[in-house]
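Enquirer: The structure that follows is given in the form of structure tokens.
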Amino acid sequence: MKYVFYVLGILILTLGISFTIQSDLGTSPFDALLVGLSINAGLTVGSWEVIIALILICFNSSLKRQRPEVLGLLTAFITGIGIDMWLFLLHNLITPELWYSKIICFGIGLVVIGLGTATYLHTNFAPIPVDRLTLIIQELTKTNIFFSRTVIYLAFLIMAMISNGPIGVGTLLTVCLGGLILNYFMPFTEKVLDRVLTPPSTSPNYDKDKKHSI
């Protein structure tokens, strides 16, 4: 059951990412970097997800001074497929043109990203390297998810600007609100998934109505 929520969380996350891309208001700094690399260097957005993930796995390994979490590549691979799949499905279906429809599309995406990230992270199975980096920075700085996520977003914002990624007002909103939304959803998904994933305590059942005849 844990692996079902793991995949479900990633699919929700990638749906949110695709909504922000389609909103045309700017994506998160990390996704802006992926889109910028896709436009300027070729390959799909999902392909760059896997390539950047490989680099981050090595970086995270050096920060923690432990063996690389190779399983993170599996998550990045599923995430890459999810992004490309949702973009293909939503490409002609969701194309907001009016400013308020773009804001709604982006807002939905931002909330869905937070929900999806919190869902799959709580399964504690092979986080996406960028999310693992968030947890590592949180641990090293002894702060919260909001602070560590914002630090990472600022770093990727600089790289996205260099790669001419789709940076806009949505990017600024993601930097300011992305960590806050994730911080909100983490305890919520923990409560819900713990209830679903934790097996109920078993107690002996006695059939009081059962009668023995001699």
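Identifiers in this document derive from the order of the structure tokens: chains are assigned A, B, ..., residues are numbered from 1 separately in each chain, and ligands are numbered from 1 in order of occurrence.
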For Val130 (chain A), please output as a list in words all residues within 9 Å (counting only C-alpha atoms; exclusion window: fewer than 5 positions along the same chain).

Expert: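 Residues near the query, excluding close chain neighbours: Phe30, Ile52, Ala53, Leu56, Ile57, Asn60, Leu135 and Ile152 of chain A.
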
Enquirer: Mind writing the picked residues with N, CA and C atoms as a PDB file, in the first residue's frame?

Expert:
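That gives us again22.pdb:
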```
ATOM      1  N   PHE A  30      13.084  25.351 -10.039  1.00  0.00           N
ATOM      2  CA  PHE A  30      13.631  24.071 -10.500  1.00  0.00           C
ATOM      3  C   PHE A  30      13.014  23.671 -11.836  1.00  0.00           C
ATOM      4  N   ILE A  52      19.332  16.060 -14.151  1.00  0.00           N
ATOM      5  CA  ILE A  52      19.604  16.914 -12.989  1.00  0.00           C
ATOM      6  C   ILE A  52      19.559  16.093 -11.709  1.00  0.00           C
ATOM      7  N   ALA A  53      18.653  15.105 -11.677  1.00  0.00           N
ATOM      8  CA  ALA A  53      18.544  14.238 -10.499  1.00  0.00           C
ATOM      9  C   ALA A  53      19.847  13.492 -10.244  1.00  0.00           C
ATOM     10  N   LEU A  56      22.262  15.828  -8.669  1.00  0.00           N
ATOM     11  CA  LEU A  56      21.898  16.128  -7.281  1.00  0.00           C
ATOM     12  C   LEU A  56      22.159  14.943  -6.353  1.00  0.00           C
ATOM     13  N   ILE A  57      22.014  13.730  -6.871  1.00  0.00           N
ATOM     14  CA  ILE A  57      22.297  12.545  -6.059  1.00  0.00           C
ATOM     15  C   ILE A  57      23.754  12.560  -5.604  1.00  0.00           C
ATOM     16  N   ASN A  60      24.089  15.440  -3.001  1.00  0.00           N
ATOM     17  CA  ASN A  60      23.518  15.058  -1.707  1.00  0.00           C
ATOM     18  C   ASN A  60      24.419  14.075  -0.981  1.00  0.00           C
ATOM     19  N   LEU A 135      15.308  18.090   2.659  1.00  0.00           N
ATOM     20  CA  LEU A 135      15.341  17.459   3.975  1.00  0.00           C
ATOM     21  C   LEU A 135      16.741  17.528   4.583  1.00  0.00           C
ATOM     22  N   ILE A 152      16.637  26.533  -1.400  1.00  0.00           N
ATOM     23  CA  ILE A 152      16.853  25.766  -2.637  1.00  0.00           C
ATOM     24  C   ILE A 152      16.216  26.471  -3.834  1.00  0.00           C
TER      25      ILE A 152
END
```

Enquirer: Would you kindly return, as a short mmCIF file (atom, residue, chain, number, x, y, z; two decimals) with C-alpha atoms, in the first residue's frame, each protein, DNA or RNA residue with an atom no farther than 10 Å from any atom of Pro29 (chain A), considering only C-alpha atoms and excluding same-chain residues fewer than 4 positions away?

Expert:
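The resulting file, out_11.cif, is shown below:
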```
data_model
loop_
_atom_site.label_atom_id
_atom_site.label_comp_id
_atom_site.auth_asym_id
_atom_site.auth_seq_id
_atom_site.Cartn_x
_atom_site.Cartn_y
_atom_site.Cartn_z
CA LEU A 33 15.51 25.33 -15.14
CA LEU A 34 14.23 22.08 -16.67
CA VAL A 35 12.07 23.89 -19.23
CA ILE A 152 16.85 25.77 -2.64
CA TYR A 153 14.32 27.72 -4.71
CA LEU A 154 16.55 30.81 -4.63
CA ALA A 155 19.56 28.78 -5.78
CA PHE A 156 17.64 27.24 -8.69
CA LEU A 157 16.13 30.65 -9.52
CA ILE A 158 19.62 31.93 -10.35
CA MET A 159 20.31 28.87 -12.54
CA ALA A 160 16.91 29.20 -14.26
CA MET A 161 17.67 32.83 -15.11
CA GLY A 165 13.71 29.37 -18.26
CA PRO A 166 10.07 30.51 -17.97
CA ILE A 167 10.43 32.91 -15.03
CA GLY A 168 7.52 35.15 -14.13
CA GLY A 170 4.47 32.57 -10.72
CA THR A 171 8.12 31.86 -10.03
CA LEU A 172 8.19 34.54 -7.33
CA THR A 174 6.49 29.66 -5.78
CA VAL A 175 9.60 30.92 -3.97
#
```

Enquirer: Quick one: residues within 12 Å of Leu87 (chain A), only C-alpha atoms, excluding same-chain residues fewer than 4 positions away - as a PyMOL selection string?

Expert: chain A and resi 14-23+35+44-46+80-83+91-95

Enquirer: Choose the residue, out of A:Ile39, A:Leu63, A:Leu25, A:Leu197, that has the smallest atom-to-atom separation from Ile137 (chain A); count only C-alpha atoms.

Expert: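 With only C-alpha atoms as the atom set, the closest residue is A:Leu63.
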
Enquirer: Counting only C-alpha atoms, which residue out of A:Leu115, A:Leu121, A:Ile103, A:Leu90 sits closest to Tyr184 (chain A)?

Expert: A:Leu115

Enquirer: Any idea what the distance is between CA of Met186 (chain A) and CA of Leu71 (chain A)?

Expert: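 It comes out at 21.9 Å.
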
Enquirer: Using Å and a single decimal, report how far CA of Val151 (chain A) sits from CA of Leu133 (chain A).

Expert: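 Distance between the two atoms: 10.5 Å.
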
Enquirer: If you run DSSP on this backbone, which residues of region 97-179 of chain A come out as alpha helix (DSSP H), and could you give them as a ChimeraX atom specification?

Expert: /A:99-122,129-141,145-162,169-179

Enquirer: Rounded to one decimal, what separation in Å do you get between CA of Asp84 (chain A) and CA of Val50 (chain A)?

Expert: 12.0 Å

Enquirer: Identify which of the residues A:His122, A:Arg149, A:Arg67, A:Lys102 lies closest to Tyr6 (chain A), counting only C-alpha atoms when measuring atom-to-atom distances.

Expert: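 Checking each candidate against Tyr6 (chain A), we get A:His122 as the closest.
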